[in-house]
$ cat entry_36.txt   # compact mmCIF, C-alpha atoms
# COMPACT_ATOMS: atom_id res chain seq x y z
CA MET A 1 2.56 17.74 15.11
CA ASP A 2 4.41 14.47 14.56
CA ILE A 3 2.47 11.80 12.71
CA ASN A 4 2.36 9.44 15.67
CA THR A 5 0.72 12.06 17.86
CA PHE A 6 -1.69 12.93 15.06
CA MET A 7 -2.72 9.27 14.77
CA LYS A 8 -3.43 9.11 18.49
CA ALA A 9 -5.26 12.45 18.39
CA TYR A 10 -7.39 11.25 15.49
CA ALA A 11 -8.23 8.05 17.36
CA LEU A 12 -9.44 10.16 20.28
CA TYR A 13 -11.42 12.43 17.95
CA LYS A 14 -12.94 9.43 16.17
CA ALA A 15 -14.10 7.89 19.43
CA ASP A 16 -15.44 11.20 20.71
CA ALA A 17 -17.36 11.82 17.47
CA SER A 18 -18.53 8.19 17.18
CA SER A 19 -17.20 8.28 13.63
CA ASP A 20 -16.57 5.28 11.39
CA VAL A 21 -14.18 7.25 9.18
CA SER A 22 -10.56 6.16 9.47
CA VAL A 23 -7.45 7.92 8.25
CA ILE A 24 -4.28 6.87 6.46
CA ILE A 25 -1.32 9.26 6.56
CA SER A 26 1.56 9.44 4.09
CA ASP A 27 4.84 11.00 5.18
CA ILE A 28 5.12 12.82 1.85
CA ASN A 29 7.58 15.44 3.13
CA HIS A 30 9.81 12.83 4.77
CA ASP A 31 9.89 14.72 8.05
CA ASP A 32 7.48 12.67 10.22
CA GLN A 33 5.34 15.78 10.60
CA ILE A 34 1.80 16.78 9.70
CA THR A 35 0.60 20.38 9.85
CA GLU A 36 -2.53 22.33 9.12
CA GLY A 37 -0.94 23.26 5.80
CA THR A 38 -0.09 19.70 4.76
CA PHE A 39 -3.05 17.96 6.42
CA GLU A 40 -5.19 17.72 3.28
CA GLN A 41 -2.33 16.38 1.15
CA GLN A 42 -1.13 13.80 3.64
CA CYS A 43 -4.42 12.24 4.74
CA GLU A 44 -6.66 9.79 2.94
CA TRP A 45 -10.03 8.94 4.41
CA ARG A 46 -11.71 5.56 4.54
CA GLN A 47 -15.24 4.51 5.41
CA PRO A 48 -17.11 1.20 5.09
CA TYR A 49 -20.00 2.83 3.22
CA ARG A 50 -21.10 -0.03 0.98
CA SER A 51 -19.63 -3.16 2.59
CA SER A 52 -17.38 -4.09 5.48
CA VAL A 53 -14.37 -2.81 3.51
CA ALA A 54 -13.24 0.71 4.45
CA GLU A 55 -13.00 2.39 1.07
CA PRO A 56 -11.81 5.82 -0.11
CA VAL A 57 -14.16 8.70 0.65
CA GLU A 58 -13.88 12.46 0.49
CA LYS A 59 -13.00 14.07 3.80
CA PRO A 60 -16.20 14.83 5.68
CA GLU A 61 -16.54 18.56 6.36
CA SER A 62 -16.83 17.85 10.07
CA ILE A 63 -13.27 16.53 10.17
CA THR A 64 -11.00 19.53 10.43
CA TRP A 65 -7.47 20.18 11.55
CA SER A 66 -8.65 22.13 14.57
CA ALA A 67 -11.11 19.40 15.59
CA ILE A 68 -8.27 16.85 15.64
CA ALA A 69 -5.64 19.20 17.07
CA ALA A 70 -7.95 19.81 20.03
CA PHE A 71 -6.97 16.31 21.19
CA GLN A 72 -3.20 16.85 20.81
CA SER A 73 -2.52 17.35 24.51
CA ASP A 74 -4.48 14.25 25.45
CA ALA A 75 -2.74 12.31 22.67
CA GLU A 76 0.69 13.31 23.96
CA GLU A 77 -0.22 11.82 27.34
CA GLN A 78 -1.00 8.46 25.79
CA PRO A 79 1.63 5.74 25.49
CA ASP A 80 2.74 4.71 22.04
CA PHE A 81 0.96 1.86 20.37
CA THR A 82 2.04 -1.08 22.52
CA ASN A 83 -0.51 -3.75 21.61
CA MET B 1 7.46 -17.78 -29.79
CA SER B 2 8.82 -17.25 -26.32
CA GLY B 3 8.23 -13.52 -26.29
CA ILE B 4 11.76 -12.76 -25.13
CA ILE B 5 14.84 -12.54 -27.32
CA SER B 6 18.29 -12.16 -25.77
CA ASP B 7 21.16 -10.87 -27.90
CA ASN B 8 23.91 -11.37 -25.31
CA VAL B 9 25.08 -7.75 -25.56
CA GLY B 10 27.02 -6.76 -22.48
CA ARG B 11 27.22 -10.25 -21.03
CA GLY B 12 30.89 -9.72 -20.14
CA SER B 13 29.91 -6.92 -17.79
CA GLY B 14 27.14 -8.91 -16.21
CA LEU B 15 24.45 -7.06 -18.15
CA VAL B 16 22.20 -9.09 -20.41
CA LYS B 17 20.39 -6.87 -22.86
CA SER B 18 17.07 -8.23 -23.99
CA ALA B 19 14.46 -7.25 -26.52
CA VAL B 20 10.78 -8.11 -26.20
CA GLY B 21 9.18 -9.95 -29.07
CA GLY B 22 5.51 -9.13 -28.79
CA GLY B 23 4.34 -10.94 -25.67
CA VAL B 24 4.71 -8.10 -23.19
CA LEU B 25 2.55 -5.26 -24.45
CA GLN B 26 2.89 -2.66 -21.71
CA VAL B 27 4.40 -2.40 -18.25
CA LYS B 28 3.33 0.22 -15.71
CA GLN B 29 5.10 0.81 -12.42
CA PHE B 30 3.59 2.69 -9.46
CA ARG B 31 6.08 3.62 -6.71
CA LYS B 32 5.06 5.03 -3.33
CA LEU B 33 7.89 7.31 -2.25
CA SER B 34 6.78 7.81 1.35
CA THR B 35 5.98 5.54 4.24
CA ILE B 36 2.37 5.08 5.35
CA ALA B 37 0.90 5.34 8.85
CA GLU B 38 -2.14 3.09 9.20
CA THR B 39 -3.36 0.88 12.03
CA GLY B 40 -6.67 -0.56 10.87
CA THR B 41 -7.75 -3.95 12.16
CA SER B 42 -10.40 -4.64 9.53
CA ASP B 43 -10.35 -4.61 5.74
CA THR B 44 -9.15 -1.17 4.62
CA VAL B 45 -8.14 0.05 1.18
CA MET B 46 -4.49 1.04 1.22
CA ALA B 47 -3.15 4.53 0.48
CA ALA B 48 -2.58 5.79 -3.05
CA PRO B 49 -1.44 4.53 -5.46
CA PHE B 50 -2.55 1.20 -3.98
CA ASN B 51 -6.14 2.44 -3.58
CA GLY B 52 -7.45 1.50 -7.02
CA SER B 53 -5.97 4.55 -8.72
CA ALA B 54 -3.35 2.32 -10.34
CA GLU B 55 -4.85 1.40 -13.68
CA ILE B 56 -3.91 -0.40 -16.86
CA THR B 57 -6.02 -0.55 -20.02
CA PRO B 58 -5.70 -3.77 -22.01
CA SER B 59 -5.29 -3.26 -25.75
CA ALA B 60 -7.44 -6.34 -26.44
CA ALA B 61 -10.00 -8.22 -24.40
CA ALA B 62 -8.04 -11.45 -24.84
CA ASN B 63 -5.01 -10.12 -22.97
CA TYR B 64 -4.02 -10.84 -19.38
CA ILE B 65 -2.72 -8.58 -16.61
CA ARG B 66 0.14 -9.66 -14.39
CA CYS B 67 0.65 -7.93 -11.02
CA GLU B 68 3.70 -7.56 -8.81
CA TYR B 69 3.38 -5.76 -5.47
CA ILE B 70 5.91 -5.58 -2.67
CA THR B 71 5.64 -3.89 0.70
CA CYS B 72 7.06 -4.02 4.21
CA GLY B 73 5.42 -3.96 7.61
CA ASP B 74 7.64 -2.31 10.21
CA HIS B 75 8.17 -3.89 13.60
CA GLY B 76 7.12 -2.26 16.85
CA ALA B 77 8.11 -2.11 20.48
CA SER B 78 5.97 -5.22 20.74
CA TRP B 79 4.79 -7.59 18.07
CA ARG B 80 3.10 -6.48 14.86
CA SER B 81 1.13 -8.65 12.50
CA GLY B 82 -1.35 -8.34 9.69
CA HIS B 83 -2.17 -9.28 6.16
CA GLN B 84 -2.86 -7.71 2.80
CA ARG B 85 -4.87 -8.77 -0.23
CA LEU B 86 -4.51 -7.85 -3.89
CA GLU B 87 -7.75 -7.19 -5.80
CA TRP B 88 -8.73 -6.07 -9.29
CA SER B 89 -11.76 -4.51 -10.92
CA ALA B 90 -12.80 -4.45 -14.58
CA ASP B 91 -15.87 -2.24 -14.10
CA GLY B 92 -14.39 0.98 -12.80
CA GLY B 93 -14.22 -0.07 -9.17
CA THR B 94 -17.80 -1.18 -8.55
CA THR B 95 -16.87 -4.84 -8.23
CA TYR B 96 -13.51 -6.14 -7.09
CA TYR B 97 -12.16 -9.68 -7.27
CA GLY B 98 -9.44 -11.28 -5.16
CA LEU B 99 -6.16 -12.40 -6.64
CA SER B 100 -3.68 -13.19 -3.87
CA GLY B 101 -2.81 -12.40 -0.28
CA GLY B 102 0.10 -12.36 2.12
CA ALA B 103 0.92 -11.75 5.76
CA THR B 104 3.64 -10.25 7.91
CA SER B 105 4.65 -10.66 11.54
CA SER B 106 7.57 -9.18 13.42
CA GLU B 107 8.64 -8.38 16.95
CA ASN B 108 11.11 -5.86 18.25
CA SER B 109 12.25 -8.08 21.08
CA ALA B 110 13.53 -10.46 18.41
CA THR B 111 15.74 -7.66 17.05
CA MET B 112 13.88 -7.44 13.78
CA GLN B 113 13.61 -4.54 11.32
CA GLY B 114 10.24 -5.56 9.93
CA ASN B 115 9.08 -8.00 7.36
CA SER B 116 8.73 -7.61 3.61
CA TYR B 117 6.22 -9.54 1.60
CA MET B 118 5.10 -9.72 -1.98
CA LEU B 119 1.74 -10.24 -3.64
CA GLY B 120 1.25 -11.01 -7.29
CA GLY B 121 -0.51 -13.12 -9.83
CA MET B 122 -2.21 -12.89 -13.20
CA PHE B 123 -5.82 -12.44 -14.24
CA HIS B 124 -7.93 -12.05 -17.36
CA PRO B 125 -10.18 -8.97 -17.08
CA ASN B 126 -11.72 -9.53 -20.52
CA VAL B 127 -12.19 -5.80 -21.16
CA THR B 128 -10.52 -2.95 -23.03
CA ILE B 129 -11.34 -0.30 -20.44
CA ALA B 130 -9.16 0.76 -17.51
CA VAL B 131 -8.60 -2.09 -15.07
CA LYS B 132 -8.10 -1.05 -11.45
CA VAL B 133 -5.84 -2.83 -8.99
CA ARG B 134 -5.90 -2.16 -5.24
CA ILE B 135 -4.52 -3.49 -1.98
CA ILE B 136 -6.58 -4.28 1.11
CA VAL B 137 -4.77 -4.12 4.45
CA ASN B 138 -6.02 -5.73 7.63
CA GLY B 139 -3.95 -5.55 10.81
CA HIS B 140 -4.06 -8.13 13.58
CA SER B 141 -6.65 -7.15 16.19
CA GLY B 142 -4.11 -7.54 18.99
CA GLY B 143 -1.11 -5.89 17.33
CA SER B 144 -1.73 -4.17 14.03
CA MET B 145 1.05 -2.94 11.82
CA ALA B 146 1.42 0.82 12.15
CA ARG B 147 3.95 1.72 9.44
CA HIS B 148 3.86 0.34 5.92
CA GLY B 149 6.65 0.42 3.35
CA GLN B 150 9.05 1.23 6.17
CA TYR B 151 11.99 -1.13 5.84
CA ASN B 152 14.97 0.78 7.26
CA ASN B 153 13.89 1.54 10.83
CA GLU B 154 15.77 -0.05 13.73
CA GLY B 155 13.68 1.56 16.46
CA ALA B 156 10.04 1.15 17.39
CA ASP B 157 7.36 2.13 14.91
CA SER B 158 6.38 5.34 16.70
CA SER B 159 7.66 7.48 13.84
CA ASN B 160 7.80 7.54 10.07
CA THR B 161 11.26 6.91 8.67
CA THR B 162 12.46 8.28 5.35
CA PRO B 163 13.39 5.47 2.95
CA ASP B 164 17.03 5.06 1.95
CA THR B 165 18.23 6.99 -1.06
CA THR B 166 20.99 6.24 -3.53
CA ASN B 167 22.36 9.29 -5.33
CA SER B 168 19.30 11.16 -4.09
CA VAL B 169 16.89 8.65 -5.62
CA ILE B 170 14.54 6.99 -3.15
CA ALA B 171 14.69 3.21 -2.84
CA VAL B 172 11.04 2.65 -2.04
CA GLY B 173 9.56 0.19 0.40
CA HIS B 174 6.48 -0.51 -1.69
CA TYR B 175 5.60 -0.54 -5.37
CA LEU B 176 3.17 -2.08 -7.82
CA ILE B 177 3.89 -3.19 -11.37
CA LEU B 178 1.10 -4.02 -13.82
CA THR B 179 1.97 -5.80 -17.06
CA GLU B 180 -0.26 -6.50 -20.03
CA ILE B 181 0.63 -9.78 -21.72
CA ALA B 182 -0.73 -11.10 -25.00
CA GLY B 183 -3.54 -13.50 -24.21
CA GLY B 184 -2.23 -16.18 -26.55
CA LEU B 185 0.77 -16.64 -24.27
CA CYS B 186 -1.17 -16.95 -21.03
CA THR B 187 -2.98 -19.66 -19.22
CA THR B 188 -4.05 -19.85 -15.61
CA ALA B 189 -5.00 -22.90 -13.62
CA ASP B 190 -6.73 -22.88 -10.25
CA THR B 191 -6.33 -26.06 -8.24
CA ALA B 192 -8.73 -26.85 -5.43

$ encode --input "entry_36.txt" --output "structure tokens"
Amino acid sequence: MDINTFMKAYALYKADASSDVSVIISDINHDDQITEGTFEQQCEWRQPYRSSVAEPVEKPESITWSAIAAFQSDAEEQPDFTN
Amino acid sequence: MSGIISDNVGRGSGLVKSAVGGGVLQVKQFRKLSTIAETGTSDTVMAAPFNGSAEITPSAAANYIRCEYITCGDHGASWRSGHQRLEWSADGGTTYYGLSGGATSSENSATMQGNSYMLGGMFHPNVTIAVKVRIIVNGHSGGSMARHGQYNNEGADSSNTTPDTTNSVIAVGHYLILTEIAGGLCTTADTA
């Protein structure tokens, strides 16, 4: 999945799960892709757990590749981030 | 003592070779080789190594730490804007303090490639344990940046672009340098 689609899929997942955990993705393989195999390495998770600042947290167990990938089709239907 | 001694070696070739005379005690550079996808519109700790994992341990409590951080916010199909803030902690990350901030704005319709900005400054942590430095990013609520450290993209920011390389070495779009400087050489003044 390309990173842009993943970001949109995660936004859909986050809204569906009413989660306050956000994600930051690094393009560490320089290919604009994220896969189930690289997912853990590429993502960092943030949550405002002690103040209004979203700070580093371990990935919650409920956030899985398959849970996010389930929104891929819907994400692909969404326009790119256009403000 | 100025702390820097120049011996003029190589001046004819444009290279000035310098030796350091005790003021600069250690310099640590943290380069991020990849671009970052992030669209937060509230205070969010940036990706590693700008997440507080960049550390420097002063050799004496009297010494100061100087910071230099540069990044780039890519442009989008419509405008992008946001700001970042540089913070430090001398207690292992429990308490952070602000140092400086900066902002970026760019718009594709203005035929831009993005906007680079730099944060820096100097502080006195007054400890001899590891001092953490981190970056807080906060995108504009109406048009957040989506790609960070991405300086060589002419299109919209709907993809991550590999940074330029020179002889296979990546020229990064974001890095952080931490320098320990002997306290006797440093003063800071805050003006209201």

$ closest_residue --input "entry_36.txt" --among "A:Ala11, A:Met1, A:Cys43, A:Ile34" --to "A:Lys59" --atoms "only C-alpha atoms"
A:Cys43

$ closest_atom_pairs --input "entry_36.txt" --of "chain A" --to "chain B" --cutoff "6 Å" --atoms "all atoms listed in the file" --output "CSV"
residue,atom,partner,partner_atom,distance
A:Asn4,CA,B:Ser158,CA,5.8
A:Ile24,CA,B:Glu38,CA,5.1
A:Ile25,CA,B:Ala37,CA,5.1
A:Ser26,CA,B:Ile36,CA,4.6
A:Asp27,CA,B:Ser34,CA,5.3
A:Ile28,CA,B:Ser34,CA,5.3
A:His30,CA,B:Thr162,CA,5.3
A:Asp32,CA,B:Asn160,CA,5.1
A:Val53,CA,B:Asp43,CA,4.9
A:Ala54,CA,B:Thr44,CA,4.5
A:Glu55,CA,B:Val45,CA,5.4
A:Thr82,CA,B:Ser78,CA,6.0
A:Asn83,CA,B:Gly143,CA,4.8

$ atom_distance --input "entry_36.txt" --atom1 "atom CA of B:Glu55" --atom2 "atom CA of B:Val133"
6.4 Å

$ closest_residue --input "entry_36.txt" --among "A:Thr5, A:Ser52, A:Gln72, A:Thr64" --to "A:Glu40" --atoms "all atoms listed in the file"
A:Thr64

$ closest_residue --input "entry_36.txt" --among "A:Ser51, A:Ala9, A:Glu44, A:Gln78" --to "A:Ser66" --atoms "all atoms listed in the file"
A:Ala9

$ atom_distance --input "entry_36.txt" --atom1 "atom CA of B:Lys132" --atom2 "atom CA of B:Ala60"
15.9 Å

$ atom_distance --input "entry_36.txt" --atom1 "atom CA of B:Ile70" --atom2 "atom CA of B:Gly149"
8.5 Å

$ residues_around --input "entry_36.txt" --residues "stretch 176-183 of chain B" --least-positions-apart "6" --cutoff "8 Å" --atoms "all atoms listed in the file" --output "list in words"
Gly22, Gly23, Val24, Leu25, Gln26, Val27, Lys28, Gln29, Phe30, Arg31, Phe50, Ile56, Pro58, Ala62, Asn63, Tyr64, Ile65, Arg66, Cys67, Glu68, Tyr69 and Ile70 of chain B

$ axis_aligned_box --input "entry_36.txt" --around "stretch 43-46 of chain A" --padding-each-side "4 Å" --output "AutoDock Vina command-line options"
--center_x -8.1 --center_y 8.9 --center_z 3.8 --size_x 15.3 --size_y 14.7 --size_z 9.8

$ closest_residue --input "entry_36.txt" --among "A:Glu77, A:Glu58, A:Asp16, A:Asp2" --to "A:Asp31" --atoms "only C-alpha atoms"
A:Asp2

$ build_atoms --input "entry_36.txt" --residues "stretch 152-183 of chain B" --atoms "N, CA and C atoms" --output "PDB file, in the coordinates of the input"
ATOM      1  N   ASN B 152      13.628   0.422   6.801  1.00  0.00           N
ATOM      2  CA  ASN B 152      14.970   0.780   7.260  1.00  0.00           C
ATOM      3  C   ASN B 152      14.968   1.388   8.654  1.00  0.00           C
ATOM      4  N   ASN B 153      14.010   0.990   9.478  1.00  0.00           N
ATOM      5  CA  ASN B 153      13.890   1.540  10.830  1.00  0.00           C
ATOM      6  C   ASN B 153      14.328   0.498  11.854  1.00  0.00           C
ATOM      7  N   GLU B 154      15.305   0.879  12.694  1.00  0.00           N
ATOM      8  CA  GLU B 154      15.770  -0.050  13.730  1.00  0.00           C
ATOM      9  C   GLU B 154      15.021   0.147  15.043  1.00  0.00           C
ATOM     10  N   GLY B 155      14.391   1.296  15.212  1.00  0.00           N
ATOM     11  CA  GLY B 155      13.680   1.560  16.460  1.00  0.00           C
ATOM     12  C   GLY B 155      12.246   1.083  16.395  1.00  0.00           C
ATOM     13  N   ALA B 156      11.467   1.485  17.375  1.00  0.00           N
ATOM     14  CA  ALA B 156      10.040   1.150  17.390  1.00  0.00           C
ATOM     15  C   ALA B 156       9.328   1.907  16.272  1.00  0.00           C
ATOM     16  N   ASP B 157       8.083   1.528  16.028  1.00  0.00           N
ATOM     17  CA  ASP B 157       7.360   2.130  14.910  1.00  0.00           C
ATOM     18  C   ASP B 157       6.518   3.327  15.357  1.00  0.00           C
ATOM     19  N   SER B 158       7.095   4.151  16.233  1.00  0.00           N
ATOM     20  CA  SER B 158       6.380   5.340  16.700  1.00  0.00           C
ATOM     21  C   SER B 158       6.717   6.570  15.861  1.00  0.00           C
ATOM     22  N   SER B 159       7.383   6.363  14.738  1.00  0.00           N
ATOM     23  CA  SER B 159       7.660   7.480  13.840  1.00  0.00           C
ATOM     24  C   SER B 159       7.757   6.949  12.413  1.00  0.00           C
ATOM     25  N   ASN B 160       7.612   7.892  11.471  1.00  0.00           N
ATOM     26  CA  ASN B 160       7.800   7.540  10.070  1.00  0.00           C
ATOM     27  C   ASN B 160       9.260   7.794   9.700  1.00  0.00           C
ATOM     28  N   THR B 161       9.864   6.833   9.042  1.00  0.00           N
ATOM     29  CA  THR B 161      11.260   6.910   8.670  1.00  0.00           C
ATOM     30  C   THR B 161      11.378   7.109   7.165  1.00  0.00           C
ATOM     31  N   THR B 162      12.249   8.033   6.775  1.00  0.00           N
ATOM     32  CA  THR B 162      12.460   8.280   5.350  1.00  0.00           C
ATOM     33  C   THR B 162      13.176   7.084   4.728  1.00  0.00           C
ATOM     34  N   PRO B 163      12.704   6.592   3.604  1.00  0.00           N
ATOM     35  CA  PRO B 163      13.390   5.470   2.950  1.00  0.00           C
ATOM     36  C   PRO B 163      14.821   5.832   2.558  1.00  0.00           C
ATOM     37  N   ASP B 164      15.661   4.833   2.425  1.00  0.00           N
ATOM     38  CA  ASP B 164      17.030   5.060   1.950  1.00  0.00           C
ATOM     39  C   ASP B 164      16.999   5.706   0.572  1.00  0.00           C
ATOM     40  N   THR B 165      18.059   6.456   0.288  1.00  0.00           N
ATOM     41  CA  THR B 165      18.230   6.990  -1.060  1.00  0.00           C
ATOM     42  C   THR B 165      19.606   6.602  -1.577  1.00  0.00           C
ATOM     43  N   THR B 166      19.710   6.466  -2.875  1.00  0.00           N
ATOM     44  CA  THR B 166      20.990   6.240  -3.530  1.00  0.00           C
ATOM     45  C   THR B 166      21.159   7.316  -4.583  1.00  0.00           C
ATOM     46  N   ASN B 167      22.181   8.130  -4.447  1.00  0.00           N
ATOM     47  CA  ASN B 167      22.360   9.290  -5.330  1.00  0.00           C
ATOM     48  C   ASN B 167      21.087  10.111  -5.416  1.00  0.00           C
ATOM     49  N   SER B 168      20.497  10.320  -4.261  1.00  0.00           N
ATOM     50  CA  SER B 168      19.300  11.160  -4.090  1.00  0.00           C
ATOM     51  C   SER B 168      18.029  10.549  -4.665  1.00  0.00           C
ATOM     52  N   VAL B 169      18.083   9.316  -5.103  1.00  0.00           N
ATOM     53  CA  VAL B 169      16.890   8.650  -5.620  1.00  0.00           C
ATOM     54  C   VAL B 169      16.388   7.673  -4.554  1.00  0.00           C
ATOM     55  N   ILE B 170      15.105   7.804  -4.219  1.00  0.00           N
ATOM     56  CA  ILE B 170      14.540   6.990  -3.150  1.00  0.00           C
ATOM     57  C   ILE B 170      14.424   5.527  -3.559  1.00  0.00           C
ATOM     58  N   ALA B 171      14.901   4.654  -2.683  1.00  0.00           N
ATOM     59  CA  ALA B 171      14.690   3.210  -2.840  1.00  0.00           C
ATOM     60  C   ALA B 171      13.438   2.874  -2.037  1.00  0.00           C
ATOM     61  N   VAL B 172      12.330   2.712  -2.720  1.00  0.00           N
ATOM     62  CA  VAL B 172      11.040   2.650  -2.040  1.00  0.00           C
ATOM     63  C   VAL B 172      10.825   1.329  -1.308  1.00  0.00           C
ATOM     64  N   GLY B 173       9.923   1.379  -0.352  1.00  0.00           N
ATOM     65  CA  GLY B 173       9.560   0.190   0.400  1.00  0.00           C
ATOM     66  C   GLY B 173       8.289  -0.474  -0.095  1.00  0.00           C
ATOM     67  N   HIS B 174       7.671   0.123  -1.118  1.00  0.00           N
ATOM     68  CA  HIS B 174       6.480  -0.510  -1.690  1.00  0.00           C
ATOM     69  C   HIS B 174       6.254   0.005  -3.110  1.00  0.00           C
ATOM     70  N   TYR B 175       5.909  -0.899  -3.987  1.00  0.00           N
ATOM     71  CA  TYR B 175       5.600  -0.540  -5.370  1.00  0.00           C
ATOM     72  C   TYR B 175       4.667  -1.585  -5.964  1.00  0.00           C
ATOM     73  N   LEU B 176       4.074  -1.198  -7.085  1.00  0.00           N
ATOM     74  CA  LEU B 176       3.170  -2.080  -7.820  1.00  0.00           C
ATOM     75  C   LEU B 176       3.532  -2.010  -9.295  1.00  0.00           C
ATOM     76  N   ILE B 177       3.657  -3.133  -9.930  1.00  0.00           N
ATOM     77  CA  ILE B 177       3.890  -3.190 -11.370  1.00  0.00           C
ATOM     78  C   ILE B 177       2.736  -3.961 -12.015  1.00  0.00           C
ATOM     79  N   LEU B 178       2.161  -3.375 -13.053  1.00  0.00           N
ATOM     80  CA  LEU B 178       1.100  -4.020 -13.820  1.00  0.00           C
ATOM     81  C   LEU B 178       1.618  -4.240 -15.243  1.00  0.00           C
ATOM     82  N   THR B 179       1.459  -5.435 -15.740  1.00  0.00           N
ATOM     83  CA  THR B 179       1.970  -5.800 -17.060  1.00  0.00           C
ATOM     84  C   THR B 179       0.846  -6.399 -17.885  1.00  0.00           C
ATOM     85  N   GLU B 180       0.686  -5.899 -19.095  1.00  0.00           N
ATOM     86  CA  GLU B 180      -0.260  -6.500 -20.030  1.00  0.00           C
ATOM     87  C   GLU B 180       0.498  -7.503 -20.904  1.00  0.00           C
ATOM     88  N   ILE B 181      -0.014  -8.702 -20.964  1.00  0.00           N
ATOM     89  CA  ILE B 181       0.630  -9.780 -21.720  1.00  0.00           C
ATOM     90  C   ILE B 181      -0.361 -10.316 -22.744  1.00  0.00           C
ATOM     91  N   ALA B 182       0.133 -10.572 -23.928  1.00  0.00           N
ATOM     92  CA  ALA B 182      -0.730 -11.100 -25.000  1.00  0.00           C
ATOM     93  C   ALA B 182      -1.432 -12.362 -24.534  1.00  0.00           C
ATOM     94  N   GLY B 183      -2.742 -12.400 -24.727  1.00  0.00           N
ATOM     95  CA  GLY B 183      -3.540 -13.500 -24.210  1.00  0.00           C
ATOM     96  C   GLY B 183      -3.135 -14.859 -24.738  1.00  0.00           C
TER      97      GLY B 183
END
